[in-house]
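K.L.:
Supplied structure: data.cif, mmCIF, C-alpha atoms.
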```
data_entry
#
loop_
_atom_site.label_atom_id
_atom_site.label_comp_id
_atom_site.auth_asym_id
_atom_site.auth_seq_id
_atom_site.Cartn_x
_atom_site.Cartn_y
_atom_site.Cartn_z
CA MET U 1 0.00 0.00 0.00
CA LYS U 2 1.36 3.41 -0.94
CA ARG U 3 2.10 5.58 2.09
CA PRO U 4 0.26 8.90 2.11
CA ALA U 5 2.41 11.98 1.64
CA LEU U 6 2.82 14.44 4.47
CA ARG U 7 0.28 17.24 4.28
CA ALA U 8 0.08 20.71 5.72
CA PRO U 9 -1.93 19.57 8.81
CA PHE U 10 1.02 17.37 9.80
CA PHE U 11 2.89 20.38 11.18
CA LEU U 12 -0.24 21.72 12.89
CA ILE U 13 -0.89 18.34 14.51
CA LEU U 14 2.69 18.18 15.73
CA PHE U 15 2.40 21.69 17.15
CA PHE U 16 -0.56 20.72 19.31
CA LEU U 17 0.79 17.28 20.22
CA LEU U 18 4.03 18.82 21.41
CA SER U 19 2.43 21.41 23.68
CA CYS U 20 3.21 19.30 26.72
CA ALA U 21 4.06 20.22 30.29
CA PRO U 22 7.73 21.14 30.67
CA LEU U 23 10.25 19.04 32.55
CA PHE U 24 12.75 20.36 35.07
CA ALA U 25 16.27 19.23 35.95
CA ALA U 26 19.27 20.50 37.90
CA ASP U 27 20.26 23.30 35.53
CA ILE U 28 17.85 22.73 32.63
CA SER U 29 14.29 23.98 32.76
CA ASP U 30 11.25 24.19 30.51
CA TYR U 31 12.54 21.28 28.41
CA ARG U 32 9.92 20.42 25.83
CA PRO U 33 9.50 19.00 22.32
CA VAL U 34 8.83 21.34 19.42
CA PHE U 35 8.85 21.04 15.64
CA ARG U 36 10.08 24.23 14.02
CA PRO U 37 11.67 24.00 10.57
CA TYR U 38 13.94 26.97 9.86
CA TYR U 39 16.68 28.10 7.52
CA GLU U 40 20.30 28.36 8.55
CA GLY U 41 21.61 30.22 5.56
CA LYS U 42 20.17 28.17 2.72
CA ALA U 43 20.17 24.91 4.69
CA ILE U 44 17.01 23.53 6.27
CA LYS U 45 17.20 22.70 9.96
CA ILE U 46 14.54 21.64 12.46
CA ALA U 47 14.35 22.70 16.08
CA VAL U 48 13.04 19.54 17.78
CA ARG U 49 13.52 20.59 21.43
CA GLN U 50 13.66 23.86 23.28
CA PHE U 51 14.78 24.56 26.83
CA GLU U 52 16.40 27.05 29.16
CA ARG U 53 19.73 26.65 30.86
CA LYS U 54 21.10 29.15 33.35
CA GLY U 55 18.79 31.84 32.06
CA LYS U 56 19.49 31.33 28.35
CA GLY U 57 17.25 29.79 25.72
CA TYR U 58 18.50 26.80 23.72
CA ILE U 59 17.27 24.43 21.04
CA LEU U 60 18.21 20.94 19.93
CA SER U 61 18.62 21.41 16.19
CA LEU U 62 18.40 18.59 13.64
CA ASP U 63 19.79 18.55 10.11
CA PRO U 64 17.15 16.55 8.15
CA TYR U 65 19.70 15.61 5.49
CA SER U 66 22.66 14.45 7.59
CA PHE U 67 20.67 13.43 10.73
CA GLU U 68 23.20 15.35 12.84
CA THR U 69 21.95 17.11 15.97
CA THR U 70 23.39 20.17 17.68
CA VAL U 71 22.59 22.12 20.84
CA LYS U 72 22.46 25.83 20.02
CA GLU U 73 21.48 29.05 21.70
CA ALA U 74 18.04 29.92 20.39
CA GLY U 75 19.13 33.43 19.46
CA ASP U 76 22.02 32.13 17.36
CA ALA U 77 19.73 29.84 15.38
CA GLY U 78 17.49 32.65 14.26
CA LEU U 79 14.62 30.23 13.60
CA ASN U 80 13.74 31.86 10.30
CA GLY U 81 10.54 30.14 9.22
CA ASP U 82 8.62 29.86 5.99
CA VAL U 83 10.10 26.47 5.06
CA LYS U 84 7.86 25.05 2.35
CA ILE U 85 6.10 21.76 3.06
CA GLU U 86 7.35 20.36 -0.25
CA GLU U 87 10.95 20.96 0.86
CA MET U 88 10.38 19.18 4.17
CA GLU U 89 8.69 16.17 2.56
CA LYS U 90 11.71 15.34 0.45
CA THR U 91 14.25 15.37 3.27
CA PRO U 92 15.69 11.96 4.22
CA PHE U 93 14.77 12.46 7.88
CA LEU U 94 11.08 13.13 7.29
CA LYS U 95 10.89 10.19 4.88
CA ALA U 96 12.55 7.88 7.42
CA LEU U 97 10.43 9.18 10.29
CA ASP U 98 7.27 8.51 8.31
CA ARG U 99 8.42 5.07 7.18
CA TYR U 100 9.65 3.66 10.48
CA THR U 101 6.83 4.98 12.65
CA SER U 102 4.10 3.69 10.33
CA HIS U 103 1.81 0.84 11.39
CA GLN U 104 3.67 -2.44 11.91
CA ASP U 105 2.57 -5.93 12.90
CA GLY U 106 3.49 -7.43 16.27
CA ILE U 107 5.04 -5.78 19.31
CA GLN U 108 8.72 -6.64 18.91
CA ASN U 109 11.61 -5.25 16.90
CA MET U 110 9.86 -2.34 15.24
CA GLY U 111 11.90 0.22 13.37
CA ILE U 112 14.92 0.06 11.09
CA LYS U 113 16.79 -3.26 11.21
CA GLU U 114 19.38 -2.83 8.46
CA GLY U 115 20.90 -0.34 6.08
CA GLY U 116 20.04 -1.98 2.79
CA ALA U 117 22.86 -0.64 0.60
CA ALA U 118 25.46 -0.47 3.36
CA GLN U 119 28.86 -2.11 2.90
CA GLY U 120 29.49 -2.85 6.54
CA VAL U 121 27.56 -3.28 9.78
CA PHE U 122 26.18 -0.96 12.43
CA LEU U 123 27.22 -1.77 16.00
CA THR U 124 24.64 -0.72 18.60
CA ILE U 125 25.36 -1.26 22.30
CA ASP U 126 22.52 -1.19 24.83
CA MET U 127 23.33 0.18 28.26
CA CYS U 128 20.30 -0.70 30.37
CA PRO U 129 20.32 -0.14 34.15
CA SER U 130 22.56 -2.77 35.74
CA LYS U 131 24.48 -3.41 38.95
CA LYS U 132 27.27 -5.17 37.05
CA VAL U 133 30.52 -3.71 35.76
CA PHE U 134 30.32 -2.75 32.10
CA ASP U 135 31.99 -4.77 29.36
CA LYS U 136 35.09 -2.66 28.78
CA ASP U 137 36.54 -5.48 26.70
CA LEU U 138 33.70 -5.00 24.20
CA PHE U 139 34.89 -1.46 23.52
CA GLU U 140 38.59 -2.36 23.49
CA SER U 141 38.02 -5.25 21.07
CA THR U 142 36.19 -2.85 18.76
CA LEU U 143 38.93 -0.23 19.04
CA SER U 144 41.51 -2.86 18.12
CA LEU U 145 39.96 -3.47 14.68
CA PRO U 146 42.49 -2.59 11.95
CA GLN U 147 40.46 0.28 10.44
CA PHE U 148 40.45 2.19 13.69
CA LYS U 149 44.13 2.56 14.49
CA SER U 150 44.11 6.17 13.29
CA VAL U 151 40.42 7.05 12.93
CA PRO U 152 37.58 6.86 15.48
CA ALA U 153 35.45 3.74 15.65
CA PRO U 154 31.79 4.59 14.93
CA ILE U 155 29.40 2.97 17.40
CA ALA U 156 25.89 3.73 18.62
CA ILE U 157 25.11 3.50 22.33
CA ALA U 158 21.51 3.14 23.45
CA ILE U 159 21.89 4.80 26.82
CA SER U 160 19.52 4.76 29.79
CA GLY U 161 19.69 7.54 32.33
CA LEU U 162 19.84 5.23 35.33
CA TRP U 163 22.89 3.47 33.86
CA ILE U 164 24.66 6.84 33.54
CA GLU U 165 23.85 7.77 37.12
CA ARG U 166 24.90 4.42 38.58
CA HIS U 167 28.10 4.03 36.55
CA SER U 168 29.68 7.48 36.49
CA ASP U 169 33.30 6.22 36.23
CA GLU U 170 32.48 3.83 33.40
CA PHE U 171 30.49 6.52 31.60
CA GLU U 172 33.46 8.88 31.94
CA TRP U 173 35.73 6.22 30.43
CA ILE U 174 33.51 6.14 27.34
CA LEU U 175 33.46 9.95 27.19
CA LYS U 176 37.24 10.10 27.52
CA ASN U 177 37.64 7.81 24.51
CA GLU U 178 35.11 9.85 22.57
CA LYS U 179 36.83 13.16 23.36
CA SER U 180 40.26 11.73 22.49
CA GLY U 181 39.00 10.71 19.06
CA ARG U 182 39.12 6.96 19.56
CA LEU U 183 35.33 6.60 19.48
CA LYS U 184 32.65 8.40 17.49
CA VAL U 185 29.43 7.77 19.38
CA THR U 186 25.84 8.15 18.24
CA TRP U 187 23.82 8.49 21.45
CA ILE U 188 20.48 6.67 21.14
CA ASN U 189 17.71 7.39 23.63
CA HIS U 190 16.88 4.21 25.58
CA THR U 191 14.56 5.85 28.15
CA TYR U 192 15.61 7.10 31.56
CA SER U 193 14.54 4.19 33.77
CA HIS U 194 14.10 1.35 31.21
CA PRO U 195 10.91 -0.08 32.76
CA TYR U 196 11.07 -3.86 33.21
CA ALA U 197 8.79 -5.99 35.41
CA GLY U 198 9.70 -9.51 34.22
CA LYS U 199 6.12 -10.29 33.21
CA GLU U 200 5.35 -13.43 31.21
CA ARG U 201 3.31 -11.41 28.73
CA LEU U 202 5.36 -8.85 26.83
CA GLU U 203 2.15 -6.89 26.29
CA GLU U 204 2.38 -5.93 29.98
CA ASP U 205 6.10 -5.25 30.24
CA PHE U 206 8.82 -2.76 29.32
CA MET U 207 7.23 0.39 27.87
CA LEU U 208 3.89 -1.43 27.79
CA THR U 209 3.92 -1.59 31.59
CA LYS U 210 0.82 0.04 33.04
CA GLY U 211 1.57 3.65 33.91
CA ALA U 212 4.78 3.90 31.87
CA ASP U 213 5.04 7.36 30.30
CA ILE U 214 7.20 7.20 27.19
CA GLU U 215 7.33 10.96 26.69
CA GLN U 216 8.59 11.65 30.20
CA GLU U 217 11.06 8.74 29.96
CA ILE U 218 12.46 10.10 26.70
CA LEU U 219 12.70 13.74 27.70
CA LYS U 220 14.27 12.99 31.08
CA ASP U 221 16.90 10.84 29.36
CA GLU U 222 17.66 13.61 26.87
CA MET U 223 18.02 16.23 29.58
CA LEU U 224 20.51 14.07 31.44
CA MET U 225 22.51 13.53 28.24
CA ILE U 226 22.71 17.26 27.62
CA GLU U 227 23.69 17.94 31.22
CA LYS U 228 26.49 15.37 30.85
CA GLY U 229 27.78 17.07 27.72
CA ILE U 230 26.56 14.63 25.08
CA THR U 231 24.05 15.33 22.32
CA PRO U 232 20.94 13.19 21.86
CA SER U 233 20.56 11.80 18.35
CA PRO U 234 17.19 11.54 16.55
CA PHE U 235 17.12 7.78 17.27
CA PHE U 236 15.33 5.71 19.91
CA ARG U 237 15.50 2.07 20.96
CA PHE U 238 12.60 0.50 22.79
CA PRO U 239 13.60 -1.36 25.97
CA GLY U 240 13.47 -5.07 25.19
CA LEU U 241 12.61 -4.08 21.60
CA VAL U 242 8.99 -4.21 22.84
CA SER U 243 6.57 -1.57 21.59
CA SER U 244 3.19 -0.94 20.00
CA ASN U 245 1.73 1.13 17.20
CA ALA U 246 0.42 3.60 19.77
CA LEU U 247 4.00 4.10 21.01
CA LEU U 248 5.22 4.52 17.42
CA LYS U 249 2.78 7.41 17.00
CA LYS U 250 4.22 9.05 20.11
CA LEU U 251 7.75 8.60 18.75
CA LYS U 252 6.71 10.33 15.53
CA ALA U 253 5.34 13.26 17.52
CA LEU U 254 8.70 13.43 19.32
CA SER U 255 10.66 13.35 16.02
CA LEU U 256 12.43 10.08 16.92
CA ILE U 257 13.15 7.14 14.62
CA PRO U 258 12.94 3.67 16.24
CA VAL U 259 16.01 1.47 15.86
CA GLY U 260 15.42 -2.27 15.88
CA SER U 261 17.97 -5.00 15.28
CA GLY U 262 18.88 -7.25 12.38
CA ALA U 263 21.24 -9.33 14.53
CA TRP U 264 20.72 -9.60 18.29
CA LEU U 265 23.85 -11.64 18.83
CA ALA U 266 22.94 -13.18 22.21
CA LYS U 267 19.90 -14.73 20.53
CA GLY U 268 22.07 -16.44 17.94
CA GLU U 269 21.20 -14.10 15.08
CA GLU U 270 24.03 -13.81 12.56
CA PRO U 271 25.02 -10.43 11.09
CA GLY U 272 25.56 -9.80 7.41
CA GLN U 273 26.31 -6.75 5.30
CA GLY U 274 24.04 -3.93 6.42
CA SER U 275 22.96 -5.53 9.69
CA ILE U 276 22.20 -3.44 12.74
CA ILE U 277 23.95 -5.49 15.44
CA LEU U 278 22.65 -5.44 19.01
CA VAL U 279 24.76 -6.34 22.03
CA HIS U 280 24.42 -5.34 25.68
CA GLY U 281 27.51 -3.74 27.16
CA ASN U 282 26.17 -3.44 30.70
CA GLY U 283 27.57 -6.73 32.02
CA ASN U 284 24.35 -8.67 31.52
CA GLU U 285 25.06 -10.42 28.23
CA GLU U 286 28.25 -12.48 28.13
CA GLU U 287 27.02 -14.55 25.20
CA GLY U 288 26.44 -11.48 23.05
CA ILE U 289 29.94 -10.14 23.75
CA LYS U 290 31.48 -13.54 22.98
CA ARG U 291 29.62 -13.74 19.68
CA LEU U 292 30.73 -10.22 18.72
CA LYS U 293 34.37 -11.12 19.32
CA ASP U 294 33.86 -14.31 17.30
CA PHE U 295 32.40 -12.20 14.49
CA TYR U 296 35.46 -9.94 14.54
CA LYS U 297 37.77 -12.98 14.33
CA ARG U 298 35.72 -14.69 11.65
CA GLU U 299 35.68 -11.55 9.48
CA ASP U 300 39.28 -10.62 10.24
CA ARG U 301 40.41 -10.86 6.63
CA ASP U 302 37.53 -8.68 5.39
CA PHE U 303 38.09 -6.14 8.17
CA LYS U 304 41.75 -5.90 7.13
CA SER U 305 40.89 -5.54 3.44
CA GLY U 306 38.08 -3.04 4.05
CA ARG U 307 35.35 -5.28 2.66
CA MET U 308 33.83 -5.25 6.15
CA THR U 309 33.75 -2.31 8.55
CA LEU U 310 31.70 -0.56 11.20
CA LEU U 311 29.53 2.30 9.99
CA PRO U 312 27.91 5.25 11.79
CA LEU U 313 24.19 4.67 12.29
CA LYS U 314 23.20 7.65 10.14
CA ASP U 315 24.68 5.83 7.13
CA ALA U 316 21.79 3.36 7.36
CA PHE U 317 19.65 6.27 6.10
CA VAL U 318 22.17 8.57 4.41
CA PRO U 319 24.99 6.52 2.84
CA ALA U 320 28.38 8.23 2.95
CA LYS U 321 29.44 9.74 -0.39
#
```
Is it possible to give me this structure as structure tokens?

P.N.:
Amino acid sequence: MKRPALRAPFFLILFFLLSCAPLFAADISDYRPVFRPYYEGKAIKIAVRQFERKGKGYILSLDPYSFETTVKEAGDAGLNGDVKIEEMEKTPFLKALDRYTSHQDGIQNMGIKEGGAAQGVFLTIDMCPSKKVFDKDLFESTLSLPQFKSVPAPIAIAISGLWIERHSDEFEWILKNEKSGRLKVTWINHTYSHPYAGKERLEEDFMLTKGADIEQEILKDEMLMIEKGITPSPFFRFPGLVSSNALLKKLKALSLIPVGSGAWLAKGEEPGQGSIILVHGNGNEEEGIKRLKDFYKREDRDFKSGRMTLLPLKDAFVPAK
């Protein structure tokens, strides 16, 4: 079935959907979702969040062609409007947002699972709340791949706020390697608390737990990221990969693209070219880490020749030129 094109009411609907109550944090206030396309020179950008910090107004700005996000002072952005709907409809981000938040069957693994034309794989690491020490060896094994001796290794980390707060030293280790240029991290929103009740029926667990508020979980996680000096990407991973079409609609209103998995290694799924690989780096998934290391060894020759590599997650939507 052909997907309907975005129409003018789309922006009006988003405007009203995003008029939510603000959230408050230590030094960030009035944090809320918005959807304001604007021009930066001749380039189209979208303000997807606005907030105040120490008395100044800021936005989280998204480039709908590169999928890059930036925190900017609101005054610097200018927010010059009058972006034509036709221009917005043809941007890769709006096309992807529409595609991956459309109605899907089932409640598991919704969203993008592979980058179809990609020559390489996308490594995504889930950091759910955990009492265990993180898998530092996972990161070091990745950094030891031949392509990344002189360039940063691109990885995506689906980060939960509670993991950050409970593992400050480990989080700082990741940041140190990012700041030194060893890692290039895409920070995926994985909710603040990562609800999990251990129910037998998935329809009653994770973000489908009664009373779970996905908007508050997402915004609180983003605020913590910004406070810690990292920039939220326009990507989201559902805890447990469990979701619903109602939650997909809420993601669309929050301008977030769901990221599924084409190869959850701990479940025995094998990656191939273009696969979005899922492993947990929070100490809870030894089998997944073992299988990732086995994959690196098995593909050693292709990693050395360049026929296999790790790619930044945005390349699943916008292949590098």

K.L.:
Point out the residue among U:Pro146, U:Ser275, U:Ala153, U:Met225 with the least atom-to-atom distance to Asp302 of chain U, counting all atoms listed in the file.

P.N.:
U:Pro146

K.L.:
What does the structure give for the distance between atom CA of Ala158 of chain U and atom CA of Lys56 of chain U, in Å to one decimal?

P.N.:
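Separating atom CA of Ala158 of chain U from atom CA of Lys56 of chain U is a distance of 28.7 Å.
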
K.L.:
Mind checking which residues fall within 10 Å of Leu94 of chain U, counting only C-alpha atoms, ignoring those fewer than 5 positions away in the same chain, and posting them as a PyMOL selection string?

P.N.:
chain U and resi 6+64-65+88-89+99+252+255+257

K.L.:
Any idea what the distance is between atom CA of Leu248 of chain U and atom CA of Thr101 of chain U?

P.N.:
5.1 Å

K.L.:
Using all atoms listed in the file, which of the listed residues (U:Phe303, U:Phe317, U:Tyr38, U:Phe139) sits closest to Glu87 of chain U?

P.N.:
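Selected residue with least distance to Glu87 of chain U: U:Tyr38.
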
K.L.:
Kindly indicate which residue among U:Ser233, U:Val318, U:Lys42, U:Val151 lies nearest to Ser61 of chain U, using only C-alpha atoms for the distances.

P.N.:
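Among the listed residues, the smallest separation from Ser61 of chain U belongs to U:Ser233.
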
K.L.:
Name the closest residue to Leu183 of chain U among the candidates U:Gly106, U:Gly268, U:Pro92, U:Pro154; distances are taken between atoms, counting all atoms listed in the file.

P.N.:
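Among U:Gly106, U:Gly268, U:Pro92, U:Pro154, it is U:Pro154 that comes nearest to Leu183 of chain U.
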